[in-house]
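What follows is coords17.pdb (PDB, C-alpha atoms).
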```pdb
ATOM      1  CA  MET X   1     -66.365 184.580 142.851
ATOM      2  CA  PRO X   2     -63.222 185.827 144.603
ATOM      3  CA  THR X   3     -60.517 187.339 142.487
ATOM      4  CA  LEU X   4     -56.824 186.738 142.992
ATOM      5  CA  SER X   5     -54.335 189.302 141.783
ATOM      6  CA  ARG X   6     -51.414 188.084 139.704
ATOM      7  CA  PRO X   7     -48.460 187.465 142.048
ATOM      8  CA  SER X   8     -45.083 189.100 141.561
ATOM      9  CA  PRO X   9     -42.320 186.850 140.172
ATOM     10  CA  LEU X  10     -40.790 186.666 143.655
ATOM     11  CA  ALA X  11     -44.096 185.624 145.253
ATOM     12  CA  ALA X  12     -44.842 183.197 142.441
ATOM     13  CA  GLY X  13     -41.546 181.420 143.107
ATOM     14  CA  ALA X  14     -41.857 181.587 146.886
ATOM     15  CA  LEU X  15     -45.225 179.814 147.057
ATOM     16  CA  PRO X  16     -44.019 176.507 145.556
ATOM     17  CA  ALA X  17     -40.755 176.747 147.493
ATOM     18  CA  LEU X  18     -42.756 177.060 150.717
ATOM     19  CA  PHE X  19     -45.352 174.427 149.819
ATOM     20  CA  ILE X  20     -42.897 171.600 149.086
ATOM     21  CA  PRO X  21     -41.189 171.374 152.522
ATOM     22  CA  ILE X  22     -44.504 171.903 154.327
ATOM     23  CA  TRP X  23     -46.042 168.987 152.458
ATOM     24  CA  ALA X  24     -42.906 166.849 152.869
ATOM     25  CA  THR X  25     -42.909 167.198 156.662
ATOM     26  CA  GLY X  26     -46.161 165.227 156.693
ATOM     27  CA  PHE X  27     -44.042 162.077 156.404
ATOM     28  CA  ILE X  28     -41.953 163.190 159.375
ATOM     29  CA  SER X  29     -44.966 163.918 161.603
ATOM     30  CA  ALA X  30     -46.536 160.604 160.583
ATOM     31  CA  ARG X  31     -43.393 158.738 161.584
ATOM     32  CA  ALA X  32     -43.456 160.487 164.949
ATOM     33  CA  VAL X  33     -47.079 159.720 165.863
ATOM     34  CA  VAL X  34     -47.783 156.254 164.411
ATOM     35  CA  PRO X  35     -46.192 154.413 167.398
ATOM     36  CA  HIS X  36     -48.571 156.262 169.742
ATOM     37  CA  VAL X  37     -51.984 156.219 168.020
ATOM     38  CA  ASP X  38     -53.981 154.269 165.438
ATOM     39  CA  PRO X  39     -53.474 155.837 161.987
ATOM     40  CA  LEU X  40     -57.183 156.034 161.152
ATOM     41  CA  ALA X  41     -57.973 157.540 164.552
ATOM     42  CA  PHE X  42     -55.169 160.058 164.060
ATOM     43  CA  THR X  43     -56.506 161.211 160.686
ATOM     44  CA  ALA X  44     -60.014 161.578 162.140
ATOM     45  CA  ILE X  45     -58.704 163.690 165.050
ATOM     46  CA  ARG X  46     -56.521 165.706 162.708
ATOM     47  CA  PHE X  47     -59.319 166.551 160.266
ATOM     48  CA  THR X  48     -61.705 167.494 163.070
ATOM     49  CA  ALA X  49     -59.142 169.819 164.649
ATOM     50  CA  VAL X  50     -58.271 171.419 161.304
ATOM     51  CA  ALA X  51     -61.928 171.976 160.430
ATOM     52  CA  LEU X  52     -62.485 173.705 163.780
ATOM     53  CA  VAL X  53     -59.366 175.904 163.412
ATOM     54  CA  LEU X  54     -60.314 176.942 159.882
ATOM     55  CA  ALA X  55     -63.922 177.570 160.896
ATOM     56  CA  LEU X  56     -62.734 179.908 163.665
ATOM     57  CA  ILE X  57     -60.412 181.733 161.251
ATOM     58  CA  ALA X  58     -63.187 181.983 158.670
ATOM     59  CA  THR X  59     -65.642 183.346 161.239
ATOM     60  CA  ALA X  60     -63.155 185.905 162.526
ATOM     61  CA  SER X  61     -62.378 186.927 158.935
ATOM     62  CA  ARG X  62     -66.066 187.191 158.075
ATOM     63  CA  VAL X  63     -65.632 185.177 154.922
ATOM     64  CA  ARG X  64     -68.399 184.925 152.380
ATOM     65  CA  TRP X  65     -69.877 181.449 152.602
ATOM     66  CA  PRO X  66     -71.389 179.820 149.493
ATOM     67  CA  GLY X  67     -74.825 181.038 148.519
ATOM     68  CA  ASP X  68     -76.047 177.877 146.818
ATOM     69  CA  ARG X  69     -76.077 174.123 147.331
ATOM     70  CA  ALA X  70     -73.299 173.484 144.809
ATOM     71  CA  GLY X  71     -71.002 175.903 146.621
ATOM     72  CA  TRP X  72     -71.316 173.821 149.793
ATOM     73  CA  ARG X  73     -71.297 170.447 148.054
ATOM     74  CA  ASP X  74     -68.267 170.810 145.750
ATOM     75  CA  PRO X  75     -65.575 171.593 148.397
ATOM     76  CA  VAL X  76     -66.899 168.774 150.589
ATOM     77  CA  ILE X  77     -66.539 166.326 147.689
ATOM     78  CA  ALA X  78     -63.007 167.575 146.974
ATOM     79  CA  GLY X  79     -62.055 167.233 150.640
ATOM     80  CA  PHE X  80     -63.618 163.784 150.888
ATOM     81  CA  LEU X  81     -61.304 162.660 148.056
ATOM     82  CA  MET X  82     -58.145 164.771 148.597
ATOM     83  CA  GLN X  83     -58.054 164.559 152.373
ATOM     84  CA  GLY X  84     -60.249 161.767 153.668
ATOM     85  CA  VAL X  85     -59.778 158.990 151.120
ATOM     86  CA  TYR X  86     -56.164 159.783 150.239
ATOM     87  CA  LEU X  87     -54.618 160.224 153.682
ATOM     88  CA  SER X  88     -56.729 157.545 155.360
ATOM     89  CA  GLY X  89     -55.905 155.107 152.575
ATOM     90  CA  VAL X  90     -52.159 155.764 152.653
ATOM     91  CA  PHE X  91     -51.962 155.555 156.455
ATOM     92  CA  TRP X  92     -54.005 152.348 156.462
ATOM     93  CA  ALA X  93     -51.887 150.749 153.731
ATOM     94  CA  VAL X  94     -48.584 151.539 155.476
ATOM     95  CA  SER X  95     -49.913 150.306 158.828
ATOM     96  CA  HIS X  96     -50.943 147.030 157.132
ATOM     97  CA  GLY X  97     -47.532 146.176 155.784
ATOM     98  CA  LEU X  98     -46.991 148.244 152.639
ATOM     99  CA  PRO X  99     -43.328 149.369 152.695
ATOM    100  CA  ALA X 100     -42.885 153.131 152.924
ATOM    101  CA  GLY X 101     -40.739 153.167 149.766
ATOM    102  CA  ILE X 102     -43.478 151.449 147.769
ATOM    103  CA  ALA X 103     -46.104 153.832 149.179
ATOM    104  CA  ALA X 104     -44.000 156.866 148.211
ATOM    105  CA  LEU X 105     -43.429 155.508 144.717
ATOM    106  CA  VAL X 106     -47.168 154.910 144.286
ATOM    107  CA  GLY X 107     -47.793 158.472 145.474
ATOM    108  CA  SER X 108     -45.438 159.817 142.817
ATOM    109  CA  LEU X 109     -47.805 158.458 140.166
ATOM    110  CA  GLN X 110     -50.304 161.214 141.020
ATOM    111  CA  PRO X 111     -48.879 163.854 138.641
ATOM    112  CA  LEU X 112     -48.903 161.372 135.782
ATOM    113  CA  LEU X 113     -52.527 160.476 136.486
ATOM    114  CA  THR X 114     -53.396 164.174 136.740
ATOM    115  CA  ALA X 115     -51.736 164.962 133.417
ATOM    116  CA  LEU X 116     -53.475 162.026 131.738
ATOM    117  CA  LEU X 117     -56.916 162.982 133.057
ATOM    118  CA  ALA X 118     -56.648 166.797 132.843
ATOM    119  CA  GLN X 119     -57.324 166.857 129.107
ATOM    120  CA  PRO X 120     -60.397 164.571 128.925
ATOM    121  CA  LEU X 121     -61.960 165.882 132.156
ATOM    122  CA  LEU X 122     -60.993 169.577 132.079
ATOM    123  CA  GLY X 123     -60.051 170.177 128.466
ATOM    124  CA  GLU X 124     -56.624 171.324 129.677
ATOM    125  CA  ARG X 125     -53.949 170.574 127.080
ATOM    126  CA  VAL X 126     -50.731 169.107 128.429
ATOM    127  CA  SER X 127     -47.861 170.416 126.303
ATOM    128  CA  GLY X 128     -44.895 168.348 125.223
ATOM    129  CA  ARG X 129     -42.629 170.351 127.532
ATOM    130  CA  ARG X 130     -44.865 169.699 130.525
ATOM    131  CA  ALA X 131     -45.161 166.014 129.679
ATOM    132  CA  LEU X 132     -41.347 165.800 129.462
ATOM    133  CA  GLY X 133     -40.993 167.534 132.840
ATOM    134  CA  ILE X 134     -43.488 165.158 134.457
ATOM    135  CA  LEU X 135     -41.635 162.155 133.054
ATOM    136  CA  MET X 136     -38.304 163.541 134.313
ATOM    137  CA  GLY X 137     -39.836 164.077 137.736
ATOM    138  CA  PHE X 138     -41.146 160.536 137.844
ATOM    139  CA  VAL X 139     -37.759 159.070 136.867
ATOM    140  CA  GLY X 140     -35.961 161.290 139.381
ATOM    141  CA  THR X 141     -38.314 160.224 142.172
ATOM    142  CA  GLY X 142     -37.732 156.599 141.236
ATOM    143  CA  LEU X 143     -33.980 157.112 141.561
ATOM    144  CA  VAL X 144     -34.431 158.647 145.017
ATOM    145  CA  LEU X 145     -36.472 155.666 146.139
ATOM    146  CA  ALA X 146     -34.416 153.009 144.332
ATOM    147  CA  PRO X 147     -32.199 152.007 147.299
ATOM    148  CA  LYS X 148     -35.250 151.395 149.481
ATOM    149  CA  LEU X 149     -37.073 149.570 146.722
ATOM    150  CA  GLY X 150     -34.061 147.386 146.050
ATOM    151  CA  ALA X 151     -34.105 146.184 149.654
ATOM    152  CA  THR X 152     -37.762 145.157 149.478
ATOM    153  CA  ASP X 153     -38.916 141.686 148.536
ATOM    154  CA  PRO X 154     -41.730 142.252 146.001
ATOM    155  CA  SER X 155     -43.393 138.992 147.003
ATOM    156  CA  GLY X 156     -43.827 140.388 150.502
ATOM    157  CA  ILE X 157     -45.976 143.329 149.414
ATOM    158  CA  PRO X 158     -49.552 142.806 150.676
ATOM    159  CA  PRO X 159     -51.802 142.960 147.585
ATOM    160  CA  LEU X 160     -54.723 144.528 149.468
ATOM    161  CA  ALA X 161     -52.541 147.256 150.989
ATOM    162  CA  LEU X 162     -51.030 148.024 147.584
ATOM    163  CA  ALA X 163     -54.498 148.214 146.018
ATOM    164  CA  VAL X 164     -55.700 150.583 148.759
ATOM    165  CA  SER X 165     -52.655 152.808 148.193
ATOM    166  CA  LEU X 166     -53.356 152.948 144.441
ATOM    167  CA  LEU X 167     -57.009 153.818 145.059
ATOM    168  CA  ALA X 168     -55.915 156.543 147.501
ATOM    169  CA  VAL X 169     -53.687 158.169 144.850
ATOM    170  CA  LEU X 170     -56.511 157.954 142.316
ATOM    171  CA  ALA X 171     -58.782 159.708 144.848
ATOM    172  CA  LEU X 172     -56.197 162.495 145.311
ATOM    173  CA  THR X 173     -55.986 162.926 141.540
ATOM    174  CA  LEU X 174     -59.750 163.104 141.084
ATOM    175  CA  GLY X 175     -60.048 165.491 144.027
ATOM    176  CA  THR X 176     -57.419 167.792 142.530
ATOM    177  CA  LEU X 177     -59.234 167.835 139.195
ATOM    178  CA  TRP X 178     -62.594 168.404 140.892
ATOM    179  CA  GLN X 179     -61.146 171.289 142.902
ATOM    180  CA  LYS X 180     -59.691 172.843 139.759
ATOM    181  CA  ARG X 181     -63.039 172.558 137.975
ATOM    182  CA  THR X 182     -65.325 173.803 140.748
ATOM    183  CA  GLY X 183     -63.230 175.666 143.343
ATOM    184  CA  GLY X 184     -63.027 179.062 141.663
ATOM    185  CA  ARG X 185     -66.501 180.168 142.682
ATOM    186  CA  VAL X 186     -66.005 179.621 146.433
ATOM    187  CA  ASP X 187     -64.033 181.797 148.843
ATOM    188  CA  LEU X 188     -60.621 180.217 149.403
ATOM    189  CA  LEU X 189     -60.888 180.025 153.198
ATOM    190  CA  ALA X 190     -64.505 178.868 153.158
ATOM    191  CA  GLY X 191     -63.630 176.206 150.603
ATOM    192  CA  ALA X 192     -60.688 174.940 152.681
ATOM    193  CA  THR X 193     -62.907 174.690 155.775
ATOM    194  CA  LEU X 194     -65.526 172.715 153.881
ATOM    195  CA  GLN X 195     -62.820 170.471 152.438
ATOM    196  CA  PHE X 196     -61.835 169.314 155.888
ATOM    197  CA  VAL X 197     -65.487 168.765 156.750
ATOM    198  CA  GLY X 198     -65.429 166.416 153.751
ATOM    199  CA  GLY X 199     -62.286 164.789 155.137
ATOM    200  CA  MET X 200     -64.074 164.283 158.452
ATOM    201  CA  ALA X 201     -67.028 162.712 156.652
ATOM    202  CA  CYS X 202     -64.632 160.049 155.351
ATOM    203  CA  ALA X 203     -62.169 159.633 158.229
ATOM    204  CA  ILE X 204     -64.526 159.448 161.218
ATOM    205  CA  PRO X 205     -66.627 156.504 159.911
ATOM    206  CA  LEU X 206     -63.429 154.700 158.842
ATOM    207  CA  ALA X 207     -61.875 155.195 162.287
ATOM    208  CA  LEU X 208     -65.030 153.985 164.064
ATOM    209  CA  ALA X 209     -65.359 150.947 161.818
ATOM    210  CA  PHE X 210     -61.735 149.856 161.413
ATOM    211  CA  GLY X 211     -59.601 151.885 163.837
ATOM    212  CA  SER X 212     -58.434 151.354 167.389
ATOM    213  CA  THR X 213     -59.026 153.410 170.517
ATOM    214  CA  ALA X 214     -55.471 152.831 171.765
ATOM    215  CA  PHE X 215     -53.956 156.202 172.644
ATOM    216  CA  ASP X 216     -50.539 156.933 174.152
ATOM    217  CA  PRO X 217     -50.394 160.625 175.192
ATOM    218  CA  ALA X 218     -46.645 160.945 174.665
ATOM    219  CA  PRO X 219     -45.045 164.335 173.899
ATOM    220  CA  ALA X 220     -44.176 163.132 170.383
ATOM    221  CA  LEU X 221     -47.872 162.551 169.715
ATOM    222  CA  TRP X 222     -48.911 166.053 170.764
ATOM    223  CA  LEU X 223     -46.043 167.668 168.860
ATOM    224  CA  GLY X 224     -46.840 165.619 165.772
ATOM    225  CA  LEU X 225     -50.544 166.388 166.013
ATOM    226  CA  GLY X 226     -49.925 170.109 166.437
ATOM    227  CA  TRP X 227     -47.572 170.174 163.460
ATOM    228  CA  ALA X 228     -49.939 168.094 161.322
ATOM    229  CA  VAL X 229     -52.888 170.357 162.127
ATOM    230  CA  LEU X 230     -51.335 173.823 161.977
ATOM    231  CA  VAL X 231     -48.540 173.367 159.410
ATOM    232  CA  ASN X 232     -49.227 170.331 157.214
ATOM    233  CA  SER X 233     -52.983 170.880 157.035
ATOM    234  CA  VAL X 234     -53.908 174.522 157.666
ATOM    235  CA  ALA X 235     -50.886 176.101 155.981
ATOM    236  CA  GLY X 236     -50.358 173.290 153.469
ATOM    237  CA  ILE X 237     -53.897 173.054 152.118
ATOM    238  CA  LEU X 238     -54.281 176.832 151.790
ATOM    239  CA  LEU X 239     -51.048 176.995 149.786
ATOM    240  CA  LEU X 240     -52.131 174.060 147.635
ATOM    241  CA  LEU X 241     -55.483 175.673 146.860
ATOM    242  CA  VAL X 242     -53.799 178.951 145.917
ATOM    243  CA  LEU X 243     -51.391 177.099 143.620
ATOM    244  CA  ILE X 244     -54.199 175.102 141.994
ATOM    245  CA  ARG X 245     -56.248 178.237 141.388
ATOM    246  CA  ARG X 246     -53.354 180.267 139.953
ATOM    247  CA  GLY X 247     -51.648 177.586 137.844
ATOM    248  CA  ALA X 248     -52.405 174.772 135.394
ATOM    249  CA  VAL X 249     -53.417 171.708 137.367
ATOM    250  CA  ALA X 250     -50.848 169.406 135.718
ATOM    251  CA  GLY X 251     -48.052 171.847 136.535
ATOM    252  CA  VAL X 252     -49.157 172.144 140.170
ATOM    253  CA  ALA X 253     -49.294 168.362 140.461
ATOM    254  CA  ALA X 254     -45.696 168.147 139.244
ATOM    255  CA  LEU X 255     -44.617 169.825 142.504
ATOM    256  CA  PHE X 256     -45.391 166.569 144.283
ATOM    257  CA  PHE X 257     -42.332 165.029 142.630
ATOM    258  CA  LEU X 258     -40.133 167.125 144.924
ATOM    259  CA  VAL X 259     -41.857 165.879 148.084
ATOM    260  CA  PRO X 260     -40.053 162.483 148.331
ATOM    261  CA  PRO X 261     -36.599 164.024 147.779
ATOM    262  CA  VAL X 262     -37.241 166.730 150.370
ATOM    263  CA  ALA X 263     -38.611 164.112 152.770
ATOM    264  CA  ALA X 264     -35.401 162.111 152.205
ATOM    265  CA  VAL X 265     -33.300 165.151 153.144
ATOM    266  CA  LEU X 266     -35.389 165.706 156.279
ATOM    267  CA  GLY X 267     -35.014 162.041 157.146
ATOM    268  CA  TYR X 268     -31.241 162.407 156.853
ATOM    269  CA  LEU X 269     -31.154 165.544 159.010
ATOM    270  CA  LEU X 270     -33.566 164.308 161.685
ATOM    271  CA  PHE X 271     -33.091 160.544 161.712
ATOM    272  CA  GLY X 272     -29.646 160.004 160.190
ATOM    273  CA  GLU X 273     -30.907 158.223 157.073
ATOM    274  CA  VAL X 274     -28.031 158.042 154.570
ATOM    275  CA  LEU X 275     -28.466 159.495 151.086
ATOM    276  CA  THR X 276     -26.593 157.692 148.308
ATOM    277  CA  PRO X 277     -25.130 159.393 145.198
ATOM    278  CA  LEU X 278     -27.946 157.798 143.198
ATOM    279  CA  GLN X 279     -30.511 159.505 145.424
ATOM    280  CA  GLY X 280     -28.719 162.832 145.022
ATOM    281  CA  ALA X 281     -28.867 162.468 141.251
ATOM    282  CA  GLY X 282     -32.549 161.618 141.488
ATOM    283  CA  MET X 283     -33.277 164.727 143.540
ATOM    284  CA  ALA X 284     -31.510 166.889 140.958
ATOM    285  CA  LEU X 285     -33.443 165.265 138.121
ATOM    286  CA  ALA X 286     -36.762 165.650 139.970
ATOM    287  CA  ALA X 287     -36.054 169.336 140.606
ATOM    288  CA  LEU X 288     -35.199 169.863 136.952
ATOM    289  CA  GLY X 289     -38.379 168.069 135.914
ATOM    290  CA  VAL X 290     -40.491 170.341 138.103
ATOM    291  CA  ALA X 291     -38.805 173.389 136.593
ATOM    292  CA  VAL X 292     -39.504 172.137 133.064
ATOM    293  CA  ALA X 293     -43.129 171.216 133.842
ATOM    294  CA  SER X 294     -43.852 174.543 135.526
ATOM    295  CA  ARG X 295     -42.794 176.384 132.374
ATOM    296  CA  GLY X 296     -44.947 174.225 130.079
TER     297      GLY X 296
END
```

Go through the file and emit its structure as C-alpha cells.
Amino acid sequence: MPTLSRPSPLAAGALPALFIPIWATGFISARAVVPHVDPLAFTAIRFTAVALVLALIATASRVRWPGDRAGWRDPVIAGFLMQGVYLSGVFWAVSHGLPAGIAALVGSLQPLLTALLAQPLLGERVSGRRALGILMGFVGTGLVLAPKLGATDPSGIPPLALAVSLLAVLALTLGTLWQKRTGGRVDLLAGATLQFVGGMACAIPLALAFGSTAFDPAPALWLGLGWAVLVNSVAGILLLLVLIRRGAVAGVAALFFLVPPVAAVLGYLLFGEVLTPLQGAGMALAALGVAVASRG
C-alpha cells in the first residue's frame, strides 16, 4: 500500500484550489465539442485516450501494479461508476433535452448523497459542522442556478432524461464511496489508469448501442478533446484521487459545490453570460459552505 506524506498547509490549500477550476472547465469543453460529435461517442473516445496516456505514464514511471484480483477489480468498478456511468449519463441526458441548469442542480446533489451514505457504508461520521457546510453549499449552488431554473418550464423537462441524470449522480456517489473504501491499497497512478479502463468498459458499449458515428473534425473539437483528455481527465482525476485519499470523503465531495459557480464565471468570461447579484451571493455562500465543510 502506497503511503502519502502529510501535505504542508500551503499544499493542502492549493490542491482544492487547483482541482475546482480544472473540474469546472469540463462544462466549457463539453459546450465546445457537442456541436461536432455525438456525446456518447465523445466520452468513449475520451476515456480510451486517457487510459492510453495514463498507461504510458504508468509504464514509464514503473508503477507497482496490483498483485491480486481485488486490486485490479476495485479501481475498474470505481471507474465504471465515477467515469463511465456518470459522464455518459449526464451527456446523454443533456443531449436528450434536459436543460443544463437542471442537470447542474441535479449534480449538486452528489455531496448530500455522499454525506448521507458515508456513515452507513463507510462508518464515517458526518459532524454537525460538516452537515451545515454541505447544506450551505447546496443552497448557494441553488442561488447560482436560480435565474436559469426560473426561465425553464418544468413541464418541459423530459422525465427519462431527468431520471438518467439522477442515476448518473447516484453512480458518481457510489463510485466515490467505493474508491474511498478500496483505493488505498492500489498505487495512485495504477488505480487511475484502471479507473479509465472501467470508464471504457461502460462508454464504448453505450456509444456502439446508442451513439452516432457523425464526426465533424473542426478545430474546436480537437481543442476540446485535448483539454478534456489532458486537463479534465488526467490532471483532474489524479487530483480527485489524492483529495479522496487524504481527506474525509464527505468533505472532498463538498468541493463539487464550487464547480457550478466557477463554471458560471468561466461562462461569463468566455461566452459573455451575465451573472446577476443573486448568483454572486450564491457563489459567496457556496464558497463559505465549502470552507465550513472542509473544517468539519

>> List the spatial neighbours of X:Leu117 as a list of chain:residue names - criterion: any atom at most 10 Å away, all atoms listed in the file, same-chain residues fewer than 4 positions off excluded.
In response: X:Pro111, X:Leu112, X:Leu113, X:Leu121, X:Leu122, X:Gly123, X:Glu124, X:Val126, X:Thr173, X:Leu174, X:Leu177, X:Ala250

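Between atom CA of X:Gln119 and atom CA of X:Ala24 there is a distance of 27.8 Å.
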
>> List the spatial neighbours of stretch 186-195 of chain X as number ranges by chain - criterion: any atom at most 9 Å away, all atoms listed in the file, same-chain residues fewer than 4 positions off excluded.
In response: X: 1-2, 50-55, 57-58, 63-66, 71-80, 82-83, 182, 199-200, 234, 237-238, 241-242

Expected file: the selected residues, C-alpha atoms, as an mmCIF file, in the frame of the given file:
```
data_model
loop_
_atom_site.group_PDB
_atom_site.id
_atom_site.type_symbol
_atom_site.label_atom_id
_atom_site.label_comp_id
_atom_site.auth_asym_id
_atom_site.auth_seq_id
_atom_site.Cartn_x
_atom_site.Cartn_y
_atom_site.Cartn_z
ATOM 1 C CA MET X 1 -66.365 184.580 142.851
ATOM 2 C CA PRO X 2 -63.222 185.827 144.603
ATOM 3 C CA VAL X 50 -58.271 171.419 161.304
ATOM 4 C CA ALA X 51 -61.928 171.976 160.430
ATOM 5 C CA LEU X 52 -62.485 173.705 163.780
ATOM 6 C CA VAL X 53 -59.366 175.904 163.412
ATOM 7 C CA LEU X 54 -60.314 176.942 159.882
ATOM 8 C CA ALA X 55 -63.922 177.570 160.896
ATOM 9 C CA ILE X 57 -60.412 181.733 161.251
ATOM 10 C CA ALA X 58 -63.187 181.983 158.670
ATOM 11 C CA VAL X 63 -65.632 185.177 154.922
ATOM 12 C CA ARG X 64 -68.399 184.925 152.380
ATOM 13 C CA TRP X 65 -69.877 181.449 152.602
ATOM 14 C CA PRO X 66 -71.389 179.820 149.493
ATOM 15 C CA GLY X 71 -71.002 175.903 146.621
ATOM 16 C CA TRP X 72 -71.316 173.821 149.793
ATOM 17 C CA ARG X 73 -71.297 170.447 148.054
ATOM 18 C CA ASP X 74 -68.267 170.810 145.750
ATOM 19 C CA PRO X 75 -65.575 171.593 148.397
ATOM 20 C CA VAL X 76 -66.899 168.774 150.589
ATOM 21 C CA ILE X 77 -66.539 166.326 147.689
ATOM 22 C CA ALA X 78 -63.007 167.575 146.974
ATOM 23 C CA GLY X 79 -62.055 167.233 150.640
ATOM 24 C CA PHE X 80 -63.618 163.784 150.888
ATOM 25 C CA MET X 82 -58.145 164.771 148.597
ATOM 26 C CA GLN X 83 -58.054 164.559 152.373
ATOM 27 C CA THR X 182 -65.325 173.803 140.748
ATOM 28 C CA GLY X 199 -62.286 164.789 155.137
ATOM 29 C CA MET X 200 -64.074 164.283 158.452
ATOM 30 C CA VAL X 234 -53.908 174.522 157.666
ATOM 31 C CA ILE X 237 -53.897 173.054 152.118
ATOM 32 C CA LEU X 238 -54.281 176.832 151.790
ATOM 33 C CA LEU X 241 -55.483 175.673 146.860
ATOM 34 C CA VAL X 242 -53.799 178.951 145.917
#
```

> Could you write out as JSON, numbers by chain the residues that the PyMOL selection byres ((chain X and resi 282) around 7) matches in the shown file?
Replying inline: {"X": [140, 141, 143, 144, 278, 279, 280, 281, 283, 284, 285, 286]}

>> Using all atoms listed in the file - which residues lie no farther than 8 Å from the point (-49.0, 154.6, 173.7) in the file's frame? Write them as a list in words.
In response: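 The requested residues, written out, are Pro35, His36, Val37, Ala214, Phe215, Asp216, Pro217 and Ala218 of chain X.
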
> Mind telling me what the PyMOL selection byres ((chain X and resi 230) around 12) catches here, as a VMD selection string?
Replying inline: chain X and resid 22 to 23 25 to 26 29 46 to 47 49 to 54 222 to 229 231 to 238

What would the file look like if the residues just selected were written as a PDB file, keeping the file's coordinate frame with C-alpha atoms?
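Saved file selection-v6.pdb follows:
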```
ATOM      1  CA  ILE X  22     -44.504 171.903 154.327  1.00  0.00           C
ATOM      2  CA  TRP X  23     -46.042 168.987 152.458  1.00  0.00           C
ATOM      3  CA  THR X  25     -42.909 167.198 156.662  1.00  0.00           C
ATOM      4  CA  GLY X  26     -46.161 165.227 156.693  1.00  0.00           C
ATOM      5  CA  SER X  29     -44.966 163.918 161.603  1.00  0.00           C
ATOM      6  CA  ARG X  46     -56.521 165.706 162.708  1.00  0.00           C
ATOM      7  CA  PHE X  47     -59.319 166.551 160.266  1.00  0.00           C
ATOM      8  CA  ALA X  49     -59.142 169.819 164.649  1.00  0.00           C
ATOM      9  CA  VAL X  50     -58.271 171.419 161.304  1.00  0.00           C
ATOM     10  CA  ALA X  51     -61.928 171.976 160.430  1.00  0.00           C
ATOM     11  CA  LEU X  52     -62.485 173.705 163.780  1.00  0.00           C
ATOM     12  CA  VAL X  53     -59.366 175.904 163.412  1.00  0.00           C
ATOM     13  CA  LEU X  54     -60.314 176.942 159.882  1.00  0.00           C
ATOM     14  CA  TRP X 222     -48.911 166.053 170.764  1.00  0.00           C
ATOM     15  CA  LEU X 223     -46.043 167.668 168.860  1.00  0.00           C
ATOM     16  CA  GLY X 224     -46.840 165.619 165.772  1.00  0.00           C
ATOM     17  CA  LEU X 225     -50.544 166.388 166.013  1.00  0.00           C
ATOM     18  CA  GLY X 226     -49.925 170.109 166.437  1.00  0.00           C
ATOM     19  CA  TRP X 227     -47.572 170.174 163.460  1.00  0.00           C
ATOM     20  CA  ALA X 228     -49.939 168.094 161.322  1.00  0.00           C
ATOM     21  CA  VAL X 229     -52.888 170.357 162.127  1.00  0.00           C
ATOM     22  CA  VAL X 231     -48.540 173.367 159.410  1.00  0.00           C
ATOM     23  CA  ASN X 232     -49.227 170.331 157.214  1.00  0.00           C
ATOM     24  CA  SER X 233     -52.983 170.880 157.035  1.00  0.00           C
ATOM     25  CA  VAL X 234     -53.908 174.522 157.666  1.00  0.00           C
ATOM     26  CA  ALA X 235     -50.886 176.101 155.981  1.00  0.00           C
ATOM     27  CA  GLY X 236     -50.358 173.290 153.469  1.00  0.00           C
ATOM     28  CA  ILE X 237     -53.897 173.054 152.118  1.00  0.00           C
ATOM     29  CA  LEU X 238     -54.281 176.832 151.790  1.00  0.00           C
TER      30      LEU X 238
END
```

What are the centre and the three edge lengths of an axis-aligned box that wraps all atoms of stretch 54-71 of chain X in the file, given that 6 Å is added to every side, written as AutoDock Vina command-line options and rounded to one decimal in Å?
```
--center_x -68.2 --center_y 180.3 --center_z 154.2 --size_x 27.8 --size_y 25.7 --size_z 30.9
```

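Distances to X:Gly142 were evaluated for X:Ile28, X:Val169, X:Ala118, X:Leu258 using only C-alpha atoms, and the minimum falls at X:Leu258.
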
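Coordinates place atom CA of X:Arg129 at a distance of 10.3 Å from atom CA of X:Ala291.
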
>> So the first atom is atom CA of X:Pro205 and the second is atom CA of X:Val94; what is the distance between them in Å, to one decimal place?
In response: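 These atoms are spaced 19.2 Å apart.
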
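Those residues returned by the PyMOL selection byres ((chain X and resi 164) around 10) for this file are Val85, Tyr86, Ser88, Gly89, Val90, Phe91, Trp92, Ala93, Val94, Leu98, Pro159, Leu160, Ala161, Leu162, Ala163, Ser165, Leu166, Leu167, Ala168, Val169 and Leu170 of chain X.
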
> Using only C-alpha atoms, which residue out of X:Thr48, X:Gly128, X:Leu172, X:Leu40 lies closest to X:Leu109?
Replying inline: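 Once distances to X:Leu109 are computed over only C-alpha atoms, the minimum belongs to X:Leu172.
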
>> Taking 4 positions as the minimum chain separation for residues in the same chain, which residues sit within 8 Å of X:Ala41 when counting all atoms listed in the file? Answer as a list in words.
In response: Val37, Ile45, Ala203, Ile204, Ala207, Leu208, Gly211, Ser212 and Thr213 of chain X
